[in-house]
>>> print(open('my_file.pdb').read())   # PDB, C-alpha atoms
ATOM      1  CA  MET A   1      -7.589 -31.028  -9.794
ATOM      2  CA  ARG A   2      -5.431 -31.279 -12.854
ATOM      3  CA  HIS A   3      -6.779 -29.804 -16.024
ATOM      4  CA  ALA A   4      -6.658 -31.667 -19.291
ATOM      5  CA  SER A   5      -3.404 -30.767 -20.984
ATOM      6  CA  PHE A   6      -3.671 -29.094 -24.371
ATOM      7  CA  ILE A   7      -7.248 -28.159 -23.577
ATOM      8  CA  ALA A   8      -6.668 -25.794 -20.678
ATOM      9  CA  ARG A   9      -4.456 -22.705 -21.078
ATOM     10  CA  THR A  10      -4.146 -23.280 -24.795
ATOM     11  CA  VAL A  11      -4.396 -20.827 -27.658
ATOM     12  CA  PHE A  12      -4.396 -21.709 -31.344
ATOM     13  CA  VAL A  13      -2.058 -19.864 -33.660
ATOM     14  CA  GLN A  14      -3.858 -18.201 -36.522
ATOM     15  CA  ASN A  15      -2.335 -17.013 -39.806
ATOM     16  CA  ASN A  16       1.101 -18.021 -38.469
ATOM     17  CA  ASP A  17       0.970 -15.077 -36.074
ATOM     18  CA  VAL A  18       2.763 -16.615 -33.115
ATOM     19  CA  GLU A  19       3.330 -13.367 -31.289
ATOM     20  CA  ALA A  20      -0.347 -12.457 -31.182
ATOM     21  CA  ALA A  21      -1.206 -15.899 -29.842
ATOM     22  CA  CYS A  22       1.473 -15.494 -27.155
ATOM     23  CA  ARG A  23       0.105 -12.135 -26.160
ATOM     24  CA  VAL A  24      -3.426 -13.471 -25.881
ATOM     25  CA  LEU A  25      -2.169 -16.337 -23.730
ATOM     26  CA  ASN A  26      -0.184 -13.968 -21.510
ATOM     27  CA  ARG A  27      -3.155 -11.679 -21.171
ATOM     28  CA  ILE A  28      -5.385 -14.509 -20.054
ATOM     29  CA  LEU A  29      -2.809 -15.723 -17.535
ATOM     30  CA  GLY A  30      -2.270 -12.193 -16.285
ATOM     31  CA  ARG A  31      -5.947 -11.485 -15.874
ATOM     32  CA  GLU A  32      -6.551 -14.717 -14.006
ATOM     33  CA  GLY A  33      -3.736 -13.839 -11.596
ATOM     34  CA  ILE A  34      -1.727 -16.946 -12.427
ATOM     35  CA  LEU A  35       1.471 -15.106 -13.316
ATOM     36  CA  GLU A  36       1.139 -12.909 -10.251
ATOM     37  CA  GLN A  37       0.782 -15.934  -7.988
ATOM     38  CA  TYR A  38       3.740 -17.587  -9.711
ATOM     39  CA  ARG A  39       5.952 -14.554  -9.102
ATOM     40  CA  ARG A  40       4.808 -14.191  -5.525
ATOM     41  CA  THR A  41       5.585 -17.788  -4.613
ATOM     42  CA  ARG A  42       9.179 -17.688  -5.856
ATOM     43  CA  TYR A  43      10.244 -16.388  -2.433
ATOM     44  CA  TYR A  44       8.670 -16.703   0.986
ATOM     45  CA  GLU A  45       6.402 -13.816   1.881
ATOM     46  CA  LYS A  46       6.648 -13.028   5.576
ATOM     47  CA  PRO A  47       3.388 -12.711   7.536
ATOM     48  CA  PHE A  48       3.821  -8.946   7.992
ATOM     49  CA  GLN A  49       4.235  -8.616   4.234
ATOM     50  CA  VAL A  50       1.103 -10.673   3.635
ATOM     51  CA  ARG A  51      -0.845  -8.461   6.038
ATOM     52  CA  ARG A  52       0.405  -5.288   4.433
ATOM     53  CA  ARG A  53      -0.328  -6.529   0.923
ATOM     54  CA  VAL A  54      -3.810  -7.752   1.780
ATOM     55  CA  ASN A  55      -4.671  -4.488   3.551
ATOM     56  CA  TYR A  56      -3.386  -2.495   0.612
ATOM     57  CA  GLU A  57      -5.387  -4.537  -1.873
ATOM     58  CA  HIS A  58      -8.469  -4.138   0.300
ATOM     59  CA  CYS A  59      -8.123  -0.349   0.436
ATOM     60  CA  LYS A  60      -7.365  -0.123  -3.266
ATOM     61  CA  ALA A  61     -10.453  -2.109  -4.205
ATOM     62  CA  LEU A  62     -12.628   0.193  -2.083
ATOM     63  CA  TYR A  63     -11.055   3.311  -3.552
ATOM     64  CA  ASP A  64     -11.391   2.043  -7.120
ATOM     65  CA  GLU A  65     -15.039   1.183  -6.625
ATOM     66  CA  ASP A  66     -15.850   4.622  -5.203
ATOM     67  CA  MET A  67     -13.849   6.416  -7.845
ATOM     68  CA  ASN A  68     -15.538   4.508 -10.647
ATOM     69  CA  ARG A  69     -18.924   5.387  -9.193
ATOM     70  CA  LYS A  70     -17.947   9.055  -9.043
ATOM     71  CA  ILE A  71     -16.754   9.036 -12.633
ATOM     72  CA  GLN A  72     -19.950   7.403 -13.778
ATOM     73  CA  PHE A  73     -21.911  10.033 -11.840
ATOM     74  CA  VAL A  74     -20.072  12.897 -13.482
ATOM     75  CA  LEU A  75     -20.388  11.336 -16.916
ATOM     76  CA  ARG A  76     -24.090  10.496 -16.586
ATOM     77  CA  LYS A  77     -26.322  11.773 -19.356
ATOM     78  CA  ASN A  78     -30.034  11.966 -19.826
ATOM     79  CA  ARG A  79     -30.547  13.068 -23.374
ATOM     80  CA  LEU A  80     -31.338  11.337 -26.646
ATOM     81  CA  ASP A  81     -28.024  12.178 -28.260
ATOM     82  CA  PRO A  82     -25.594  11.857 -25.362
ATOM     83  CA  PHE A  83     -22.855  13.942 -26.975
ATOM     84  CA  PRO A  84     -24.458  16.437 -29.401
ATOM     85  CA  GLY A  85     -22.332  17.365 -32.372
ATOM     86  CA  CYS A  86     -19.842  14.577 -31.800
ATOM     87  CA  SER A  87     -21.315  11.803 -33.878
TER
ATOM     88  CA  MET B   1      54.987  41.564  13.358
ATOM     89  CA  ILE B   2      52.438  39.117  14.674
ATOM     90  CA  VAL B   3      51.107  38.573  11.179
ATOM     91  CA  LYS B   4      54.530  37.781   9.939
ATOM     92  CA  GLN B   5      55.028  35.278  12.701
ATOM     93  CA  VAL B   6      51.746  33.570  11.954
ATOM     94  CA  PHE B   7      52.699  33.351   8.316
ATOM     95  CA  SER B   8      55.967  31.781   9.071
ATOM     96  CA  ASN B   9      54.245  29.385  11.434
ATOM     97  CA  LEU B  10      51.815  28.426   8.732
ATOM     98  CA  LYS B  11      54.636  27.937   6.322
ATOM     99  CA  ASN B  12      56.322  25.652   8.762
ATOM    100  CA  LEU B  13      53.133  23.783   9.370
ATOM    101  CA  SER B  14      52.468  23.243   5.684
ATOM    102  CA  TYR B  15      56.021  22.090   5.204
ATOM    103  CA  PHE B  16      55.578  19.694   8.058
ATOM    104  CA  CYS B  17      52.292  18.440   6.601
ATOM    105  CA  ASP B  18      53.831  17.903   3.220
ATOM    106  CA  LYS B  19      56.563  15.892   4.746
ATOM    107  CA  THR B  20      54.263  13.676   6.767
ATOM    108  CA  ILE B  21      51.941  13.109   3.836
ATOM    109  CA  SER B  22      54.767  12.219   1.506
ATOM    110  CA  SER B  23      55.967   9.785   4.064
ATOM    111  CA  PHE B  24      52.488   8.171   3.994
ATOM    112  CA  GLN B  25      52.499   7.925   0.179
ATOM    113  CA  LYS B  26      50.048  10.806  -0.296
ATOM    114  CA  ARG B  27      46.551   9.367  -0.156
ATOM    115  CA  ILE B  28      43.636  11.371  -1.439
ATOM    116  CA  PHE B  29      40.487  11.349   0.621
ATOM    117  CA  HIS B  30      37.134  12.203  -0.875
ATOM    118  CA  SER B  31      34.600  13.264   1.660
ATOM    119  CA  THR B  32      32.142  15.056  -0.634
ATOM    120  CA  SER B  33      31.847  12.604  -3.524
ATOM    121  CA  TYR B  34      29.604  10.303  -1.475
ATOM    122  CA  TYR B  35      26.958  13.004  -1.295
ATOM    123  CA  PHE B  36      27.252  13.804  -4.994
ATOM    124  CA  ARG B  37      26.624  10.262  -6.129
ATOM    125  CA  ASP B  38      23.631   9.939  -8.457
ATOM    126  CA  VAL B  39      22.363   6.793  -6.848
ATOM    127  CA  VAL B  40      22.366   6.577  -3.096
ATOM    128  CA  ASP B  41      20.227   3.531  -2.535
ATOM    129  CA  ARG B  42      20.733   0.239  -4.325
ATOM    130  CA  ARG B  43      17.031  -0.535  -4.226
ATOM    131  CA  GLU B  44      16.287   2.796  -5.792
ATOM    132  CA  MET B  45      18.794   2.059  -8.522
ATOM    133  CA  LEU B  46      17.202  -1.320  -9.226
ATOM    134  CA  ARG B  47      13.807   0.326  -9.421
ATOM    135  CA  SER B  48      15.043   2.883 -11.925
ATOM    136  CA  LEU B  49      16.475   0.209 -14.228
ATOM    137  CA  PRO B  50      14.258  -1.104 -17.030
ATOM    138  CA  ARG B  51      12.389  -4.257 -16.058
ATOM    139  CA  PRO B  52      13.932  -7.450 -17.398
ATOM    140  CA  ASP B  53      12.188  -9.166 -20.288
ATOM    141  CA  GLU B  54      10.065 -11.963 -18.855
ATOM    142  CA  GLY B  55       8.431 -13.055 -22.062
ATOM    143  CA  THR B  56       5.055 -11.952 -20.733
ATOM    144  CA  ALA B  57       4.297  -9.198 -23.208
ATOM    145  CA  GLY B  58       0.664  -8.187 -23.248
ATOM    146  CA  GLU B  59       0.071  -9.260 -19.669
ATOM    147  CA  ARG B  60      -1.521  -5.963 -18.739
ATOM    148  CA  ALA B  61      -2.662  -4.835 -22.175
ATOM    149  CA  ASP B  62      -6.353  -3.987 -22.057
ATOM    150  CA  GLU B  63      -6.663  -3.695 -25.821
ATOM    151  CA  ILE B  64      -6.245  -7.462 -26.102
ATOM    152  CA  ASP B  65      -9.483  -7.874 -24.148
ATOM    153  CA  LEU B  66     -11.287  -5.835 -26.777
ATOM    154  CA  MET B  67      -9.561  -7.789 -29.526
ATOM    155  CA  MET B  68     -10.654 -11.051 -27.951
ATOM    156  CA  LYS B  69     -14.238  -9.848 -27.893
ATOM    157  CA  GLU B  70     -14.293  -8.602 -31.463
ATOM    158  CA  GLU B  71     -12.157 -11.077 -33.330
ATOM    159  CA  HIS B  72     -12.660 -14.765 -33.441
ATOM    160  CA  ILE B  73      -9.794 -16.319 -31.542
ATOM    161  CA  LEU B  74      -9.707 -20.044 -31.603
ATOM    162  CA  PHE B  75      -9.627 -21.939 -28.341
ATOM    163  CA  PRO B  76      -9.685 -25.725 -28.057
ATOM    164  CA  THR B  77     -12.986 -27.493 -27.765
ATOM    165  CA  LYS B  78     -14.145 -30.978 -26.948
ATOM    166  CA  ASP B  79     -13.472 -32.133 -30.508
ATOM    167  CA  THR B  80     -10.002 -30.614 -30.775
ATOM    168  CA  PRO B  81      -7.962 -33.776 -29.971
ATOM    169  CA  ASP B  82      -9.336 -35.531 -33.038
ATOM    170  CA  LYS B  83      -9.068 -32.582 -35.365
ATOM    171  CA  LEU B  84      -6.682 -33.083 -38.273
ATOM    172  CA  PHE B  85      -3.673 -30.836 -38.875
ATOM    173  CA  ASP B  86      -1.641 -31.709 -41.956
ATOM    174  CA  GLY B  87      -3.167 -35.162 -41.847
ATOM    175  CA  ILE B  88      -2.212 -35.790 -38.214
ATOM    176  CA  ARG B  89      -4.642 -35.776 -35.322
ATOM    177  CA  PHE B  90      -4.070 -32.994 -32.807
ATOM    178  CA  LYS B  91      -3.399 -35.450 -29.993
ATOM    179  CA  ASP B  92      -0.755 -37.231 -32.089
ATOM    180  CA  LEU B  93       1.235 -34.124 -32.952
ATOM    181  CA  PRO B  94       4.791 -33.934 -31.592
ATOM    182  CA  ILE B  95       5.326 -31.512 -28.739
ATOM    183  CA  PHE B  96       8.008 -28.903 -28.212
ATOM    184  CA  ASN B  97       8.499 -28.348 -24.507
ATOM    185  CA  ILE B  98      10.096 -25.055 -23.538
ATOM    186  CA  ARG B  99      11.300 -24.575 -19.990
ATOM    187  CA  SER B 100      12.299 -20.977 -19.517
ATOM    188  CA  SER B 101      13.731 -19.653 -16.307
ATOM    189  CA  ARG B 102      15.551 -16.498 -15.397
ATOM    190  CA  ASN B 103      18.956 -17.992 -16.160
ATOM    191  CA  ASN B 104      18.426 -20.531 -18.909
ATOM    192  CA  THR B 105      16.070 -21.925 -21.521
ATOM    193  CA  ILE B 106      15.738 -25.627 -22.234
ATOM    194  CA  ILE B 107      13.895 -26.822 -25.311
ATOM    195  CA  SER B 108      13.036 -30.463 -25.949
ATOM    196  CA  LEU B 109      11.102 -32.276 -28.622
ATOM    197  CA  THR B 110       8.915 -35.147 -27.508
ATOM    198  CA  ASN B 111       6.420 -37.313 -29.307
ATOM    199  CA  ASN B 112       2.773 -37.349 -28.315
ATOM    200  CA  LYS B 113       3.475 -39.967 -25.609
ATOM    201  CA  GLY B 114       6.050 -37.722 -23.966
ATOM    202  CA  SER B 115       9.305 -39.566 -24.694
ATOM    203  CA  THR B 116      12.123 -37.188 -25.553
ATOM    204  CA  GLU B 117      13.684 -37.212 -29.001
ATOM    205  CA  LEU B 118      15.789 -34.056 -29.037
ATOM    206  CA  ILE B 119      16.967 -31.744 -26.317
ATOM    207  CA  ARG B 120      18.897 -28.505 -26.423
ATOM    208  CA  SER B 121      19.525 -25.669 -24.035
ATOM    209  CA  CYS B 122      21.194 -22.289 -24.220
ATOM    210  CA  GLY B 123      24.122 -23.756 -22.269
ATOM    211  CA  ILE B 124      24.623 -26.546 -24.814
ATOM    212  CA  GLU B 125      24.337 -23.982 -27.578
ATOM    213  CA  GLY B 126      27.510 -22.313 -26.298
ATOM    214  CA  PHE B 127      26.145 -19.403 -24.326
ATOM    215  CA  LYS B 128      27.687 -19.338 -20.896
ATOM    216  CA  ASN B 129      26.840 -17.684 -17.588
ATOM    217  CA  THR B 130      24.570 -14.637 -17.828
ATOM    218  CA  LYS B 131      24.422 -14.865 -21.609
ATOM    219  CA  LYS B 132      22.312 -18.023 -21.215
ATOM    220  CA  GLY B 133      19.513 -15.975 -19.753
ATOM    221  CA  THR B 134      18.868 -13.756 -22.763
ATOM    222  CA  ASN B 135      16.213 -13.842 -25.427
ATOM    223  CA  ILE B 136      18.832 -13.929 -28.160
ATOM    224  CA  ALA B 137      20.337 -17.121 -26.750
ATOM    225  CA  ALA B 138      16.864 -18.661 -26.546
ATOM    226  CA  GLN B 139      16.086 -17.765 -30.136
ATOM    227  CA  ALA B 140      19.388 -19.173 -31.410
ATOM    228  CA  THR B 141      18.775 -22.409 -29.496
ATOM    229  CA  ALA B 142      15.256 -22.657 -30.855
ATOM    230  CA  ILE B 143      16.448 -22.187 -34.423
ATOM    231  CA  THR B 144      19.067 -24.926 -33.998
ATOM    232  CA  ILE B 145      16.715 -27.494 -32.516
ATOM    233  CA  GLY B 146      13.925 -26.462 -34.860
ATOM    234  CA  THR B 147      16.089 -27.028 -37.924
ATOM    235  CA  LYS B 148      17.184 -30.424 -36.592
ATOM    236  CA  ALA B 149      13.575 -31.415 -36.049
ATOM    237  CA  TYR B 150      12.605 -30.155 -39.496
ATOM    238  CA  ASN B 151      15.328 -32.284 -41.088
ATOM    239  CA  ARG B 152      13.967 -35.291 -39.226
ATOM    240  CA  GLY B 153      10.612 -34.723 -40.830
ATOM    241  CA  VAL B 154       8.793 -32.982 -38.000
ATOM    242  CA  LYS B 155       6.906 -30.159 -39.677
ATOM    243  CA  THR B 156       3.770 -29.550 -37.619
ATOM    244  CA  VAL B 157       4.094 -29.183 -33.866
ATOM    245  CA  ARG B 158       2.386 -27.902 -30.771
ATOM    246  CA  VAL B 159       4.299 -25.929 -28.163
ATOM    247  CA  ARG B 160       4.120 -26.144 -24.404
ATOM    248  CA  VAL B 161       5.855 -23.448 -22.352
ATOM    249  CA  LYS B 162       6.711 -23.617 -18.686
ATOM    250  CA  GLY B 163       7.941 -20.843 -16.450
ATOM    251  CA  ILE B 164       8.557 -17.188 -17.151
ATOM    252  CA  GLY B 165      11.873 -15.915 -18.402
ATOM    253  CA  PRO B 166      13.495 -14.131 -21.299
ATOM    254  CA  GLY B 167      13.193 -17.205 -23.508
ATOM    255  CA  ARG B 168       9.473 -17.624 -23.173
ATOM    256  CA  MET B 169       8.369 -15.794 -26.288
ATOM    257  CA  SER B 170      11.582 -15.541 -28.276
ATOM    258  CA  SER B 171      12.095 -19.299 -28.390
ATOM    259  CA  ILE B 172       8.647 -19.790 -29.919
ATOM    260  CA  LYS B 173       9.569 -17.186 -32.498
ATOM    261  CA  GLY B 174      12.804 -19.063 -33.154
ATOM    262  CA  LEU B 175      10.931 -22.312 -33.737
ATOM    263  CA  GLN B 176       8.785 -20.601 -36.297
ATOM    264  CA  MET B 177      11.867 -19.131 -37.968
ATOM    265  CA  ALA B 178      13.219 -22.667 -38.325
ATOM    266  CA  GLY B 179      10.291 -23.381 -40.625
ATOM    267  CA  LEU B 180       8.020 -25.304 -38.265
ATOM    268  CA  ASN B 181       4.278 -24.925 -38.400
ATOM    269  CA  ILE B 182       3.116 -24.181 -34.858
ATOM    270  CA  ILE B 183      -0.489 -25.187 -34.271
ATOM    271  CA  SER B 184      -1.045 -24.213 -30.674
ATOM    272  CA  ILE B 185       0.679 -22.687 -27.676
ATOM    273  CA  THR B 186      -0.015 -24.096 -24.239
ATOM    274  CA  ASP B 187       1.081 -22.748 -20.904
ATOM    275  CA  ASN B 188       2.130 -25.342 -18.373
ATOM    276  CA  THR B 189       3.590 -23.163 -15.622
ATOM    277  CA  PRO B 190       3.262 -24.926 -12.279
ATOM    278  CA  VAL B 191       1.337 -22.575  -9.994
ATOM    279  CA  SER B 192       0.013 -23.486  -6.587
ATOM    280  CA  TRP B 193      -2.160 -21.501  -4.192
ATOM    281  CA  ASN B 194      -0.938 -23.467  -1.185
ATOM    282  CA  PRO B 195       2.664 -24.270  -1.980
ATOM    283  CA  PRO B 196       5.286 -25.587   0.412
ATOM    284  CA  ARG B 197       7.298 -22.825   2.000
ATOM    285  CA  PRO B 198       9.527 -21.252  -0.659
ATOM    286  CA  ARG B 199      13.091 -20.136  -0.070
ATOM    287  CA  LYS B 200      13.700 -16.935   1.842
ATOM    288  CA  GLN B 201      13.759 -13.621   0.081
ATOM    289  CA  ARG B 202      16.900 -12.309  -1.513
ATOM    290  CA  LYS B 203      18.613  -9.460   0.275
ATOM    291  CA  LEU B 204      18.958  -6.480  -1.995
TER
END
>>> encode(input="my_file.pdb", output="structure tokens")
Amino acid sequence: MRHASFIARTVFVQNNDVEAACRVLNRILGREGILEQYRRTRYYEKPFQVRRRVNYEHCKALYDEDMNRKIQFVLRKNRLDPFPGCS
Amino acid sequence: MIVKQVFSNLKNLSYFCDKTISSFQKRIFHSTSYYFRDVVDRREMLRSLPRPDEGTAGERADEIDLMMKEEHILFPTKDTPDKLFDGIRFKDLPIFNIRSSRNNTIISLTNNKGSTELIRSCGIEGFKNTKKGTNIAAQATAITIGTKAYNRGVKTVRVRVKGIGPGRMSSIKGLQMAGLNIISITDNTPVSWNPPRPRKQRKL
């Protein structure tokens, strides 16, 4: 489905700050994976490359999830002022 | 005695060698330099080079996420097309279309219906070959076409960019330097999740 032009993927420029608007737009496109998909489809990706990439992404997601959980576990706190003397 | 003989033999041999080499126009062979080269692999060299400017600054910047949460950044709404900018409705504003690729940047001015009024590219501007694909060329082109548009009476515009390349951000900056008031920036990069088979990969 086509999106309405000038509604989708549009950012308004505020205070004549074009660069900031560009960066916000790029960030949104990057986070949605649109730029990544664009770059990937410039050249044909062979099936073995697809398999390797997908497996890698799979493993990385698992690792990241576990690592985040570990970090949260180490950083857990159960006191009124979580970091005494730092406020 | 034997030593003397060997010496003389060596002398003869070296003389002989000299003669043969001079007859072959004395070529110098380097057998060690290959192993002393800094870069052995071309891929490695390419990896060590700085990444080319793609006009996608801020793509991976996490601080922008925080900024977007805190500050009020304006995005279009349902009522945007009828909103007035300098007395013109948003949907009636002229459009600057920027097509940026790795090797060139093409900028065209169209009215709100989409018919072209001005067109200019880095090639027309006078940049040739690899110089076309630089952000400086894109900015110069944008300033030229922006000034032309300004003289025609186009003051308030919206911008639509397509593709990633060095001219993606710098051409927008150039348009602003020409004195135009840019209302919005839209991305119109064609991206498909089930595209036809692209060309084969480049051999590096």
>>> closest_atom_pairs(input="my_file.pdb", of="chain B", to="chain A", cutoff="6 Å", atoms="all atoms listed in the file", output="tab-separated table")
residue	atom	partner	partner_atom	distance
B:Thr56	CA	A:Asn26	CA	5.7
B:Ala57	CA	A:Arg23	CA	5.9
B:Gly58	CA	A:Arg23	CA	4.9
B:Glu59	CA	A:Arg27	CA	4.3
B:Leu74	CA	A:Phe12	CA	5.6
B:Phe75	CA	A:Val11	CA	5.4
B:Pro76	CA	A:Ile7	CA	5.7
B:Ile183	CA	A:Val13	CA	5.6
B:Ser184	CA	A:Phe12	CA	4.2
B:Ile185	CA	A:Val11	CA	5.4
B:Thr186	CA	A:Thr10	CA	4.2
B:Asp187	CA	A:Arg9	CA	5.5
B:Val191	CA	A:Tyr38	CA	5.5
B:Pro198	CA	A:Tyr44	CA	4.9
B:Arg199	CA	A:Tyr43	CA	5.3
B:Lys200	CA	A:Tyr44	CA	5.1
B:Gln201	CA	A:Tyr43	CA	5.1
>>> atom_distance(input="my_file.pdb", atom1="atom CA of B:Ser108", atom2="atom CA of B:Phe96")
5.7 Å
>>> atom_distance(input="my_file.pdb", atom1="atom CA of A:Cys86", atom2="atom CA of A:Glu65")
28.9 Å
>>> closest_residue(input="my_file.pdb", among="B:Arg120, B:Lys148, B:Arg102, B:His72", to="B:Lys132", atoms="only C-alpha atoms")
B:Arg102
>>> atom_distance(input="my_file.pdb", atom1="atom CA of B:Gly165", atom2="atom CA of B:Asn103")
7.7 Å
>>> resolve_selection(input="my_file.pdb", expression="the PyMOL selection byres ((chain B and resi 139) around 10)", output="PyMOL selection string")
chain B and resi 105+122+134-138+140-144+166-178
>>> axis_aligned_box(input="my_file.pdb", around="stretch 23-41 of chain A", padding_each_side="8 Å", output="AutoDock Vina command-line options")
--center_x -0.3 --center_y -14.6 --center_z -15.4 --size_x 28.5 --size_y 22.3 --size_z 37.5
>>> residues_around(input="my_file.pdb", residues="B:Thr156", least_positions_apart="6", cutoff="9 Å", atoms="only C-alpha atoms", output="PDB file with C-alpha atoms, in the frame of the given file")
ATOM      1  CA  PHE B  85      -3.673 -30.836 -38.875  1.00  0.00           C
ATOM      2  CA  ASP B  86      -1.641 -31.709 -41.956  1.00  0.00           C
ATOM      3  CA  ILE B  88      -2.212 -35.790 -38.214  1.00  0.00           C
ATOM      4  CA  LEU B  93       1.235 -34.124 -32.952  1.00  0.00           C
ATOM      5  CA  PRO B  94       4.791 -33.934 -31.592  1.00  0.00           C
ATOM      6  CA  LEU B 180       8.020 -25.304 -38.265  1.00  0.00           C
ATOM      7  CA  ASN B 181       4.278 -24.925 -38.400  1.00  0.00           C
ATOM      8  CA  ILE B 182       3.116 -24.181 -34.858  1.00  0.00           C
ATOM      9  CA  ILE B 183      -0.489 -25.187 -34.271  1.00  0.00           C
TER      10      ILE B 183
END
>>> resolve_selection(input="my_file.pdb", expression="the PyMOL selection byres ((chain B and resi 107) around 6)", output="NGL selection string")
:B and (97-98 or 106 or 108 or 119-121)
>>> closest_residue(input="my_file.pdb", among="B:Asn104, B:Ile73, B:Pro195, B:Pro81", to="B:Lys131", atoms="only C-alpha atoms")
B:Asn104
>>> residues_around(input="my_file.pdb", residues="B:Lys162", least_positions_apart="2", cutoff="6 Å", atoms="only C-alpha atoms", output="list in words")
Arg99, Asn188 and Thr189 of chain B
